[in-house]
file structure_1.cif (mmCIF, C-alpha atoms)
data_upload
#
loop_
_atom_site.label_atom_id
_atom_site.label_comp_id
_atom_site.auth_asym_id
_atom_site.auth_seq_id
_atom_site.Cartn_x
_atom_site.Cartn_y
_atom_site.Cartn_z
CA MET U 21 107.01 75.98 102.61
CA ALA U 22 104.75 73.06 103.30
CA ARG U 23 103.75 72.72 106.88
CA ALA U 24 103.79 68.98 106.40
CA ALA U 25 107.27 69.03 104.88
CA VAL U 26 108.95 70.63 107.86
CA ARG U 27 107.30 69.02 110.82
CA GLY U 28 110.54 67.31 111.80
CA ARG U 29 111.51 63.70 111.77
CA LEU U 30 109.40 61.38 109.63
CA THR U 31 108.88 58.20 111.59
CA TRP U 32 107.67 54.84 110.34
CA THR U 33 104.10 54.13 111.31
CA ALA U 34 101.78 51.15 110.97
CA ALA U 35 99.16 51.42 108.21
CA ARG U 36 96.29 48.92 108.07
CA LEU U 37 94.71 48.18 104.70
CA ALA U 38 91.07 49.24 105.09
CA ALA U 39 89.68 48.98 101.56
CA VAL U 40 90.62 47.96 98.05
CA ARG U 41 89.23 49.13 94.72
CA ASP U 42 90.28 47.88 91.30
CA GLU U 43 91.12 50.66 88.87
CA THR U 44 92.20 48.58 85.85
CA ALA U 45 93.25 44.99 85.19
CA SER U 46 96.71 45.81 86.53
CA ALA U 47 96.17 48.57 89.09
CA ARG U 48 94.27 48.90 92.32
CA THR U 49 93.69 51.62 94.87
CA LEU U 50 94.51 50.82 98.48
CA THR U 51 92.96 52.82 101.31
CA PHE U 52 94.96 52.66 104.54
CA ALA U 53 93.94 53.49 108.07
CA VAL U 54 96.84 55.45 109.56
CA PRO U 55 96.36 56.67 113.12
CA ASP U 56 97.35 60.31 113.59
CA TRP U 57 97.93 60.95 109.88
CA PRO U 58 98.94 64.64 109.86
CA GLY U 59 97.39 65.44 106.49
CA HIS U 60 99.27 66.24 103.32
CA LEU U 61 99.45 68.52 100.31
CA PRO U 62 98.21 67.12 96.98
CA GLY U 63 101.23 65.82 95.05
CA GLN U 64 103.19 64.58 98.07
CA HIS U 65 104.24 60.96 98.43
CA VAL U 66 104.87 58.37 101.13
CA ASP U 67 107.59 55.81 101.58
CA VAL U 68 106.37 52.24 102.05
CA ARG U 69 108.42 49.61 103.89
CA LEU U 70 107.83 45.87 103.70
CA THR U 71 109.62 43.44 106.01
CA ALA U 72 109.92 39.71 105.33
CA GLU U 73 109.89 37.13 108.15
CA ASP U 74 113.69 36.92 108.17
CA GLY U 75 114.04 40.70 108.52
CA TYR U 76 114.71 41.49 104.85
CA VAL U 77 113.38 44.96 104.08
CA ALA U 78 112.29 46.66 100.85
CA GLU U 79 111.29 50.32 100.55
CA ARG U 80 109.56 52.24 97.76
CA SER U 81 107.96 55.64 97.29
CA TYR U 82 104.34 56.06 96.15
CA SER U 83 102.37 59.20 95.39
CA LEU U 84 99.22 59.81 97.41
CA ALA U 85 96.09 59.67 95.25
CA SER U 86 93.82 61.15 97.91
CA ALA U 87 93.33 64.73 99.06
CA GLU U 88 92.53 63.49 102.56
CA GLY U 89 93.52 60.25 104.23
CA VAL U 90 95.97 57.77 102.74
CA GLU U 91 95.08 56.23 99.39
CA LEU U 92 97.69 54.80 97.04
CA THR U 93 97.05 53.49 93.54
CA ILE U 94 99.50 50.72 92.75
CA GLN U 95 100.30 49.67 89.20
CA ARG U 96 101.63 46.13 89.13
CA VAL U 97 105.07 46.22 87.51
CA PRO U 98 105.92 42.84 85.99
CA ASP U 99 109.02 41.49 87.75
CA GLY U 100 108.69 44.24 90.35
CA GLU U 101 109.63 43.46 93.93
CA VAL U 102 107.10 45.51 95.87
CA SER U 103 104.25 46.42 93.53
CA PRO U 104 103.09 42.83 92.86
CA TYR U 105 102.84 42.34 96.63
CA LEU U 106 100.80 45.50 97.10
CA ALA U 107 98.71 44.88 93.98
CA ASP U 108 98.01 41.17 94.50
CA VAL U 109 98.91 39.83 97.93
CA LEU U 110 98.08 42.44 100.55
CA GLU U 111 94.59 41.91 102.01
CA VAL U 112 92.21 44.09 103.96
CA GLY U 113 93.32 43.99 107.61
CA ASP U 114 97.01 43.45 106.78
CA GLU U 115 99.52 45.99 108.03
CA ILE U 116 102.49 47.57 106.32
CA GLU U 117 104.70 50.45 107.43
CA LEU U 118 104.85 53.88 105.87
CA ARG U 119 106.20 57.32 106.57
CA GLY U 120 105.32 60.67 105.16
CA PRO U 121 104.11 62.86 103.71
CA VAL U 122 107.22 63.78 101.74
CA GLY U 123 107.94 66.41 99.11
CA GLY U 124 107.49 70.15 98.96
CA TRP U 125 107.87 70.90 95.24
CA PHE U 126 105.45 68.84 93.14
CA VAL U 127 102.47 70.09 95.15
CA TRP U 128 99.47 72.31 94.48
CA ARG U 129 99.14 74.83 97.28
CA GLY U 130 95.69 76.14 96.42
CA GLY U 131 94.75 79.58 95.16
CA THR U 132 92.72 80.67 92.17
CA GLY U 133 95.30 80.82 89.37
CA PRO U 134 94.94 78.54 86.33
CA VAL U 135 96.46 75.08 86.63
CA VAL U 136 97.40 72.65 83.87
CA LEU U 137 97.85 68.99 84.82
CA VAL U 138 99.34 66.57 82.30
CA GLY U 139 99.57 62.92 83.27
CA GLY U 140 100.86 59.91 81.37
CA GLY U 141 99.74 56.44 82.51
CA SER U 142 100.16 55.97 86.24
CA GLY U 143 101.47 59.55 86.37
CA ILE U 144 97.83 60.49 86.92
CA VAL U 145 98.06 59.53 90.61
CA PRO U 146 99.52 62.70 92.21
CA LEU U 147 97.50 64.81 89.75
CA MET U 148 94.32 63.08 90.97
CA ALA U 149 95.17 64.20 94.50
CA MET U 150 95.28 67.77 93.13
CA VAL U 151 91.94 67.31 91.29
CA ARG U 152 90.37 66.05 94.51
CA ALA U 153 91.84 68.88 96.58
CA HIS U 154 90.55 71.34 93.95
CA ARG U 155 87.03 69.93 94.32
CA ALA U 156 87.27 70.05 98.11
CA ALA U 157 88.34 73.70 97.86
CA GLY U 158 85.26 74.59 95.80
CA GLY U 159 86.79 74.51 92.33
CA ALA U 160 87.57 78.22 92.07
CA ALA U 161 90.86 77.80 90.17
CA PRO U 162 90.46 76.87 86.49
CA PHE U 163 91.90 73.33 86.25
CA HIS U 164 92.56 71.45 83.03
CA LEU U 165 93.63 67.83 83.26
CA LEU U 166 95.10 66.12 80.19
CA TYR U 167 95.43 62.40 80.77
CA SER U 168 97.33 60.26 78.29
CA VAL U 169 96.49 56.54 78.37
CA ARG U 170 96.88 53.62 75.99
CA THR U 171 93.24 52.50 75.80
CA PRO U 172 89.90 53.24 77.51
CA ARG U 173 90.53 50.17 79.70
CA ASP U 174 93.64 51.79 81.18
CA VAL U 175 91.90 54.84 82.66
CA TYR U 176 92.22 55.15 86.44
CA TYR U 177 89.38 56.87 88.38
CA ALA U 178 87.24 56.63 85.22
CA ALA U 179 83.82 57.18 86.82
CA GLU U 180 85.05 60.03 89.00
CA LEU U 181 86.74 61.80 86.08
CA ALA U 182 83.59 61.45 83.96
CA GLU U 183 81.50 63.41 86.50
CA PRO U 184 81.17 67.07 85.57
CA ARG U 185 82.77 69.32 88.16
CA PRO U 186 82.89 73.07 88.43
CA GLY U 187 86.20 74.52 87.33
CA LEU U 188 87.59 71.25 85.99
CA GLU U 189 88.06 70.27 82.36
CA VAL U 190 89.24 66.74 81.63
CA THR U 191 90.72 65.69 78.28
CA LEU U 192 91.64 62.07 77.65
CA LEU U 193 94.40 61.48 75.11
CA TYR U 194 94.42 57.87 73.93
CA THR U 195 97.71 56.65 72.51
CA ARG U 196 96.78 53.20 71.12
CA GLU U 197 93.01 52.81 70.99
CA ALA U 198 90.25 55.39 71.43
CA PRO U 199 86.58 54.71 72.20
CA PRO U 200 84.22 54.62 69.19
CA GLY U 201 83.32 58.10 67.97
CA HIS U 202 86.24 59.79 69.75
CA ALA U 203 87.31 62.78 67.65
CA ARG U 204 91.06 62.64 68.26
CA PRO U 205 92.85 59.79 66.50
CA PRO U 206 94.99 57.67 68.85
CA GLY U 207 98.53 58.94 69.19
CA ARG U 208 101.11 60.40 71.50
CA ILE U 209 100.68 63.83 73.00
CA GLY U 210 101.57 66.61 70.57
CA PRO U 211 101.55 70.39 70.18
CA ASP U 212 97.88 70.42 69.07
CA ASP U 213 96.86 68.83 72.36
CA LEU U 214 98.58 71.54 74.38
CA ALA U 215 98.13 74.63 72.20
CA GLY U 216 94.79 75.74 73.65
CA LEU U 217 95.74 75.60 77.32
CA ALA U 218 95.60 78.58 79.62
CA ARG U 219 98.84 80.56 79.76
CA PRO U 220 100.35 81.65 82.05
CA ALA U 221 99.47 78.70 84.26
CA ASP U 222 101.07 76.51 86.87
CA CYS U 223 101.85 73.27 85.05
CA PHE U 224 102.31 69.86 86.67
CA VAL U 225 103.58 67.06 84.43
CA CYS U 226 103.91 63.49 85.69
CA GLY U 227 104.57 60.22 83.91
CA PRO U 228 107.31 58.08 82.41
CA THR U 229 110.56 59.88 81.59
CA GLY U 230 109.99 60.05 77.83
CA PHE U 231 106.47 61.42 78.29
CA VAL U 232 107.60 64.09 80.73
CA GLU U 233 110.56 65.11 78.59
CA ALA U 234 108.35 65.42 75.49
CA THR U 235 105.51 67.22 77.26
CA SER U 236 107.62 69.69 79.20
CA THR U 237 109.62 70.53 76.06
CA LEU U 238 106.36 71.14 74.16
CA LEU U 239 105.05 73.39 76.93
CA VAL U 240 108.26 75.45 76.90
CA ASP U 241 108.12 75.68 73.10
CA LEU U 242 104.51 76.93 73.35
CA GLY U 243 105.65 79.78 75.57
CA HIS U 244 105.10 78.43 79.08
CA ASP U 245 107.59 79.69 81.65
CA PRO U 246 109.98 76.81 82.50
CA ARG U 247 109.99 78.00 86.10
CA ARG U 248 106.26 77.30 86.34
CA ILE U 249 106.50 73.75 84.97
CA ARG U 250 106.92 71.21 87.74
CA THR U 251 107.71 67.64 86.79
CA GLU U 252 107.80 64.24 88.35
CA ARG U 253 109.27 61.39 86.36
CA PHE U 254 108.80 57.68 86.81
CA GLY U 255 111.93 55.84 85.78
CA PRO U 256 111.77 52.78 83.53
CA THR U 257 112.26 50.58 86.56
CA GLY U 258 110.98 50.96 90.05
CA ALA U 259 107.92 49.90 91.97
CA MET C 2 110.24 46.80 115.88
CA SER C 3 109.18 46.37 112.27
CA ILE C 4 105.91 44.83 111.23
CA VAL C 5 106.38 41.61 109.30
CA SER C 6 104.47 41.74 106.02
CA ARG C 7 102.60 38.44 105.71
CA GLY C 8 103.59 36.66 102.52
CA PHE C 9 106.30 39.13 101.53
CA HIS C 10 109.51 37.46 100.46
CA GLY C 11 111.27 40.10 98.41
CA ARG C 12 114.01 39.74 95.91
CA ARG C 13 116.99 40.18 98.28
CA GLY C 14 120.06 40.61 96.17
CA GLY C 15 121.97 40.89 99.42
CA ASP C 16 124.54 43.02 97.64
CA PRO C 17 126.77 44.66 100.25
CA ALA C 18 127.31 47.57 97.85
CA LEU C 19 123.64 48.58 98.34
CA PRO C 20 122.96 51.10 101.12
CA PRO C 21 119.91 50.47 103.37
CA GLY C 22 116.53 50.80 101.67
CA GLN C 23 118.00 50.87 98.15
CA TYR C 24 117.35 48.49 95.25
CA LEU C 25 119.49 47.77 92.24
CA THR C 26 118.60 49.09 88.80
CA GLU C 27 120.32 48.45 85.50
CA ASP C 28 118.62 51.45 83.86
CA PHE C 29 119.49 55.06 84.47
CA PRO C 30 116.26 56.73 85.62
CA VAL C 31 115.86 60.48 85.20
CA LEU C 32 114.73 62.70 88.08
CA SER C 33 114.37 66.41 87.59
CA ALA C 34 112.07 69.01 89.09
CA GLY C 35 111.29 70.75 85.80
CA PRO C 36 111.93 70.80 82.08
CA THR C 37 115.39 69.83 80.86
CA PRO C 38 117.37 73.03 80.17
CA ARG C 39 119.08 73.03 76.79
CA VAL C 40 122.54 74.48 77.34
CA PRO C 41 124.73 74.62 74.21
CA PRO C 42 128.35 73.87 75.16
CA ALA C 43 129.44 77.08 73.37
CA ALA C 44 127.33 79.05 75.87
CA TRP C 45 128.29 76.96 78.92
CA THR C 46 130.55 78.42 81.57
CA PHE C 47 131.48 77.19 85.02
CA THR C 48 132.31 79.67 87.78
CA ILE C 49 133.68 79.17 91.28
CA THR C 50 133.29 82.14 93.61
CA ASN C 51 134.82 81.96 97.07
CA ALA C 52 133.71 83.68 100.27
CA ALA C 53 136.27 86.46 99.80
CA GLY C 54 134.67 87.24 96.44
CA ALA C 55 137.47 85.90 94.26
CA SER C 56 136.20 83.98 91.28
CA ARG C 57 137.43 81.90 88.36
CA ARG C 58 135.35 81.19 85.27
CA TRP C 59 135.99 78.45 82.71
CA THR C 60 134.49 78.31 79.24
CA TRP C 61 133.62 74.91 77.80
CA ARG C 62 136.85 74.88 75.81
CA GLU C 63 138.97 75.86 78.83
CA TYR C 64 137.21 73.26 80.96
CA LEU C 65 137.84 70.48 78.43
CA ALA C 66 141.53 71.41 78.37
CA LEU C 67 141.85 70.45 82.05
CA PRO C 68 143.11 66.98 82.95
CA ALA C 69 140.15 64.60 83.05
CA GLU C 70 139.64 61.54 85.23
CA ARG C 71 137.47 58.47 84.73
CA PRO C 72 135.71 57.73 88.00
CA HIS C 73 134.14 54.26 88.31
CA VAL C 74 131.57 54.68 91.08
CA ASP C 75 128.25 53.50 92.57
CA ILE C 76 125.41 56.02 92.61
CA HIS C 77 122.41 56.11 94.96
CA CYS C 78 119.20 58.07 94.37
CA VAL C 79 117.01 59.08 97.31
CA THR C 80 114.03 57.64 95.38
CA LYS C 81 115.53 54.23 96.26
CA TRP C 82 117.38 53.09 93.14
CA SER C 83 121.10 52.46 93.09
CA LYS C 84 123.28 51.82 90.08
CA LEU C 85 126.59 50.10 90.64
CA GLY C 86 129.86 50.49 88.77
CA THR C 87 128.97 53.49 86.61
CA ASP C 88 131.67 55.00 84.38
CA TRP C 89 132.11 58.74 84.10
CA GLU C 90 134.53 61.22 82.63
CA GLY C 91 135.11 64.50 84.39
CA VAL C 92 137.43 66.97 86.05
CA SER C 93 138.19 66.58 89.72
CA LEU C 94 137.10 69.53 91.86
CA ASP C 95 140.58 69.36 93.38
CA THR C 96 141.87 70.46 89.97
CA LEU C 97 139.36 73.32 89.75
CA PHE C 98 140.04 74.46 93.31
CA GLU C 99 143.74 74.78 92.51
CA GLU C 100 142.77 78.06 90.89
CA VAL C 101 140.39 79.40 93.56
CA GLU C 102 141.17 79.21 97.25
CA PRO C 103 138.48 77.18 99.05
CA ASP C 104 138.24 79.66 101.91
CA ALA C 105 134.87 78.75 103.47
CA PRO C 106 133.27 75.60 104.92
CA TYR C 107 130.05 75.48 102.86
CA ALA C 108 129.23 75.37 99.16
CA MET C 109 126.11 76.14 97.15
CA ILE C 110 126.04 74.40 93.79
CA GLU C 111 124.27 76.50 91.14
CA CYS C 112 122.76 75.28 87.90
CA TYR C 113 121.21 76.32 84.61
CA GLY C 114 117.46 76.23 85.17
CA GLY C 115 117.77 77.54 88.74
CA TYR C 116 118.38 74.31 90.69
CA THR C 117 120.64 74.54 93.72
CA THR C 118 122.04 72.12 96.30
CA ASN C 119 124.28 72.71 99.31
CA LEU C 120 127.05 70.61 100.80
CA PRO C 121 130.17 70.99 102.91
CA VAL C 122 133.27 72.00 100.96
CA GLU C 123 135.20 69.08 102.46
CA ASP C 124 132.83 66.74 100.56
CA LEU C 125 133.98 68.33 97.32
CA LEU C 126 137.72 67.90 97.91
CA ASP C 127 140.28 65.09 98.18
CA GLY C 128 139.11 63.04 95.20
CA LYS C 129 135.47 62.84 96.27
CA ALA C 130 133.80 65.00 93.60
CA TRP C 131 133.97 65.91 89.92
CA VAL C 132 132.38 68.04 87.26
CA ALA C 133 131.39 65.30 84.80
CA HIS C 134 130.78 65.65 81.07
CA GLY C 135 130.88 62.01 79.96
CA PHE C 136 128.92 58.91 80.94
CA GLY C 137 129.47 55.36 79.70
CA GLY C 138 131.97 56.55 77.09
CA GLU C 139 129.52 59.08 75.58
CA PRO C 140 128.99 62.81 76.05
CA LEU C 141 126.60 63.35 78.96
CA HIS C 142 123.03 63.48 77.62
CA PRO C 143 120.96 66.61 78.48
CA GLU C 144 118.39 64.49 80.39
CA HIS C 145 121.20 63.37 82.67
CA GLY C 146 122.64 66.85 83.12
CA GLY C 147 124.67 67.52 80.00
CA PRO C 148 126.75 69.35 78.99
CA ALA C 149 128.08 68.86 82.55
CA ARG C 150 126.87 67.93 86.01
CA LEU C 151 128.37 67.60 89.43
CA LEU C 152 129.29 64.06 90.52
CA VAL C 153 129.45 63.47 94.28
CA PRO C 154 128.77 59.75 94.46
CA HIS C 155 129.18 59.30 98.21
CA LEU C 156 126.01 61.37 98.82
CA TYR C 157 122.46 60.82 97.53
CA PHE C 158 122.35 61.73 93.88
CA TRP C 159 120.33 64.95 94.20
CA LYS C 160 123.60 66.46 95.44
CA SER C 161 125.13 65.59 92.04
CA ALA C 162 123.43 68.57 90.45
CA LYS C 163 122.66 68.46 86.73
CA TRP C 164 123.40 71.33 84.29
CA VAL C 165 125.87 72.75 86.76
CA SER C 166 126.95 76.35 86.21
CA GLY C 167 129.06 77.07 89.28
CA ILE C 168 129.89 76.84 92.95
CA ARG C 169 129.48 79.62 95.48
CA LEU C 170 131.36 79.22 98.76
CA MET C 171 129.66 80.38 101.97
CA ASP C 172 130.73 81.04 105.53
CA HIS C 173 127.31 79.90 106.73
CA ASP C 174 125.29 76.93 105.49
CA GLU C 175 122.10 77.55 103.49
CA PRO C 176 119.62 74.96 102.17
CA GLY C 177 119.43 74.29 98.44
CA PHE C 178 116.35 73.34 96.43
CA TRP C 179 115.44 69.92 97.85
CA GLU C 180 117.04 70.67 101.20
CA ALA C 181 114.46 73.48 101.61
CA ALA C 182 111.67 71.09 100.58
CA GLY C 183 111.98 68.53 103.36
CA TYR C 184 115.00 66.53 102.24
CA HIS C 185 118.05 65.92 104.42
CA ASN C 186 120.69 68.65 104.57
CA TYR C 187 123.61 66.24 104.10
CA GLY C 188 122.23 63.08 102.46
CA ASP C 189 124.53 60.18 103.37
CA PRO C 190 122.99 57.03 101.81
CA TRP C 191 124.79 54.73 104.26
CA ARG C 192 123.07 56.47 107.16
CA GLU C 193 119.82 56.65 105.14
CA GLN C 194 119.62 60.42 105.50
CA ARG C 195 116.73 60.86 103.07
CA TYR C 196 114.55 63.43 104.77
CA GLU C 197 114.91 66.21 107.27
CA GLY C 198 115.42 64.68 110.71
CA ASP C 199 116.73 61.29 109.47
#

call {"tool": "encode", "arguments": {"input": "structure_1.cif", "output": "structure tokens"}}
result
Amino acid sequence: MARAAVRGRLTWTAARLAAVRDETASARTLTFAVPDWPGHLPGQHVDVRLTAEDGYVAERSYSLASAEGVELTIQRVPDGEVSPYLADVLEVGDEIELRGPVGGWFVWRGGTGPVVLVGGGSGIVPLMAMVRAHRAAGGAAPFHLLYSVRTPRDVYYAAELAEPRPGLEVTLLYTREAPPGHARPPGRIGPDDLAGLARPADCFVCGPTGFVEATSTLLVDLGHDPRRIRTERFGPTGA
Amino acid sequence: MSIVSRGFHGRRGGDPALPPGQYLTEDFPVLSAGPTPRVPPAAWTFTITNAAGASRRWTWREYLALPAERPHVDIHCVTKWSKLGTDWEGVSLDTLFEEVEPDAPYAMIECYGGYTTNLPVEDLLDGKAWVAHGFGGEPLHPEHGGPARLLVPHLYFWKSAKWVSGIRLMDHDEPGFWEAAGYHNYGDPWREQRYEGD
């Protein structure tokens, strides 16, 4: 079991926004300075708490994008309560509260066995933490990341994912619009996209409910062991 | 003392039916740790085994022949969403426990696909819990736990295990799937018992 998951009571702690980086037109990565951050496993999340002047409180959960330190990538959800604040209003130097890390299931615990990561949209975030932890560990495990996005403009971490890295294969699956010259026609993820993956492998699938349902069903149909497919679903609302 | 978030106003429904830290959703989000198991009703059985080793098994047909209730309840997910006034159809666990003596204080809920969750037996009795096979007037969809799931609405919704296959009574408490992964052993939303130590 995760050391971080059993260290006892998770207390709220102040987190100061230290840096901001735009990922797309509607998402940005926030780097927080959190004193005494205990470290985390890639795939874990934090709870964020915002308090208004009159004491009103809102809480949400966000996956950690970083392998070390606290980085969250926030997709602005139209009509959302918390994400527009984090994506648009919060400025470097501002403080929020968070607690974590949380979660002991959707995590990569290292090792050298093959790993398949399949992300849809903002579901890339916890998978990116795994990709970064894989690099930090030397890249010994064969990793294959399949990342489904609408258009090239919707790709998070684009420059970082374009860098060649030992042990990591990255496949972008565009659903609406592909870059010029891209071999695969735009479309939703299908059996052909998943047929060539390593098997057996530890599979991590994260994205909207429909994407995760479709992908995990395809993986099972292709012969992957359901017990080795870990999923995390983003509901239609949230953020 | 909380930190005030400059410029944060929030939506504040102020609904007293919402436990602390929860927000209202009109959708029905899906949360599962793995692929959705496909359990044909013809192959579905539900088994209660008590601490003395006595057990009772129901087939789908036998289960559907039991008197059903229509609970109208609020549900609260540990991931922060709540859904108010949901309509279910299911069989009270009081009805099922008429045929197996509840002779131990703890229960492990077991499911197709391997998921488990633990809770005190007293939280399953006295009209507080059901095996549910209908939602919103329809058969329960597989994504939401069909053919049948547990429904224990007074606890966080991970206790309402999907694709339920049975209940094993225990003299000593043991953690289930999420309870072993850092989540709270009991999970009362009104006391915000999300994680271990809350």

call {"tool": "closest_residue", "arguments": {"input": "structure_1.cif", "among": "U:Gly131, U:Pro246, U:Pro104, U:Gly159", "to": "chain C", "atoms": "only C-alpha atoms"}}
result
U:Pro246

call {"tool": "residues_around", "arguments": {"input": "structure_1.cif", "residues": "stretch 129-138 of chain C", "least_positions_apart": "6", "cutoff": "12 Å", "atoms": "only C-alpha atoms", "output": "number ranges by chain"}}
result
C: 29, 42, 45-49, 59, 61, 64-65, 67-74, 86-98, 110, 120-123, 144-156, 158, 160-168

call {"tool": "resolve_selection", "arguments": {"input": "structure_1.cif", "expression": "the PyMOL selection byres ((chain U) within 7 of (chain C))", "output": "number ranges by chain"}}
result
U: 25-26, 28-30, 70-73, 78-81, 101, 105, 115-117, 122-125, 229, 233, 236-237, 246, 249-253, 255-257

call {"tool": "atom_distance", "arguments": {"input": "structure_1.cif", "atom1": "atom CA of C:Arg57", "atom2": "atom CA of C:Val101"}}
result
6.5 Å

call {"tool": "atom_distance", "arguments": {"input": "structure_1.cif", "atom1": "atom CA of U:Val127", "atom2": "atom CA of U:Pro220"}}
result
17.6 Å

call {"tool": "resolve_selection", "arguments": {"input": "structure_1.cif", "expression": "the PyMOL selection byres ((chain U and resi 192-206) around 8)", "output": "PyMOL selection string"}}
result
chain U and resi 166-172+190-191+207-209

call {"tool": "resolve_selection", "arguments": {"input": "structure_1.cif", "expression": "the PyMOL selection byres ((chain U and resi 93) around 9)", "output": "ChimeraX atom specification"}}
result
/U:43,47-51,82-85,91-92,94-95,107,142,145,176

call {"tool": "atom_distance", "arguments": {"input": "structure_1.cif", "atom1": "atom CA of U:Val225", "atom2": "atom CA of U:Val240"}}
result
12.2 Å

call {"tool": "closest_residue", "arguments": {"input": "structure_1.cif", "among": "C:Glu111, C:Thr60, C:Pro140, C:Ile76", "to": "C:Trp191", "atoms": "all atoms listed in the file"}}
result
C:Ile76

call {"tool": "residues_around", "arguments": {"input": "structure_1.cif", "residues": "C:Thr50", "least_positions_apart": "5", "cutoff": "6 Å", "atoms": "all atoms listed in the file", "output": "list in words"}}
result
Ala55, Ser56 and Arg169 of chain C

call {"tool": "residues_near_point", "arguments": {"input": "structure_1.cif", "point": "(95.5, 65.7, 92.7)", "cutoff": "8 Å", "atoms": "all atoms listed in the file", "output": "PDB file with C-alpha atoms, in the frame of the given file"}}
result
ATOM      1  CA  PRO U  62      98.210  67.120  96.980  1.00  0.00           C
ATOM      2  CA  GLY U  63     101.230  65.820  95.050  1.00  0.00           C
ATOM      3  CA  ALA U  85      96.090  59.670  95.250  1.00  0.00           C
ATOM      4  CA  SER U  86      93.820  61.150  97.910  1.00  0.00           C
ATOM      5  CA  ALA U  87      93.330  64.730  99.060  1.00  0.00           C
ATOM      6  CA  TRP U 128      99.470  72.310  94.480  1.00  0.00           C
ATOM      7  CA  VAL U 145      98.060  59.530  90.610  1.00  0.00           C
ATOM      8  CA  PRO U 146      99.520  62.700  92.210  1.00  0.00           C
ATOM      9  CA  LEU U 147      97.500  64.810  89.750  1.00  0.00           C
ATOM     10  CA  MET U 148      94.320  63.080  90.970  1.00  0.00           C
ATOM     11  CA  ALA U 149      95.170  64.200  94.500  1.00  0.00           C
ATOM     12  CA  MET U 150      95.280  67.770  93.130  1.00  0.00           C
ATOM     13  CA  VAL U 151      91.940  67.310  91.290  1.00  0.00           C
ATOM     14  CA  ARG U 152      90.370  66.050  94.510  1.00  0.00           C
ATOM     15  CA  ALA U 153      91.840  68.880  96.580  1.00  0.00           C
ATOM     16  CA  HIS U 154      90.550  71.340  93.950  1.00  0.00           C
TER      17      HIS U 154
END
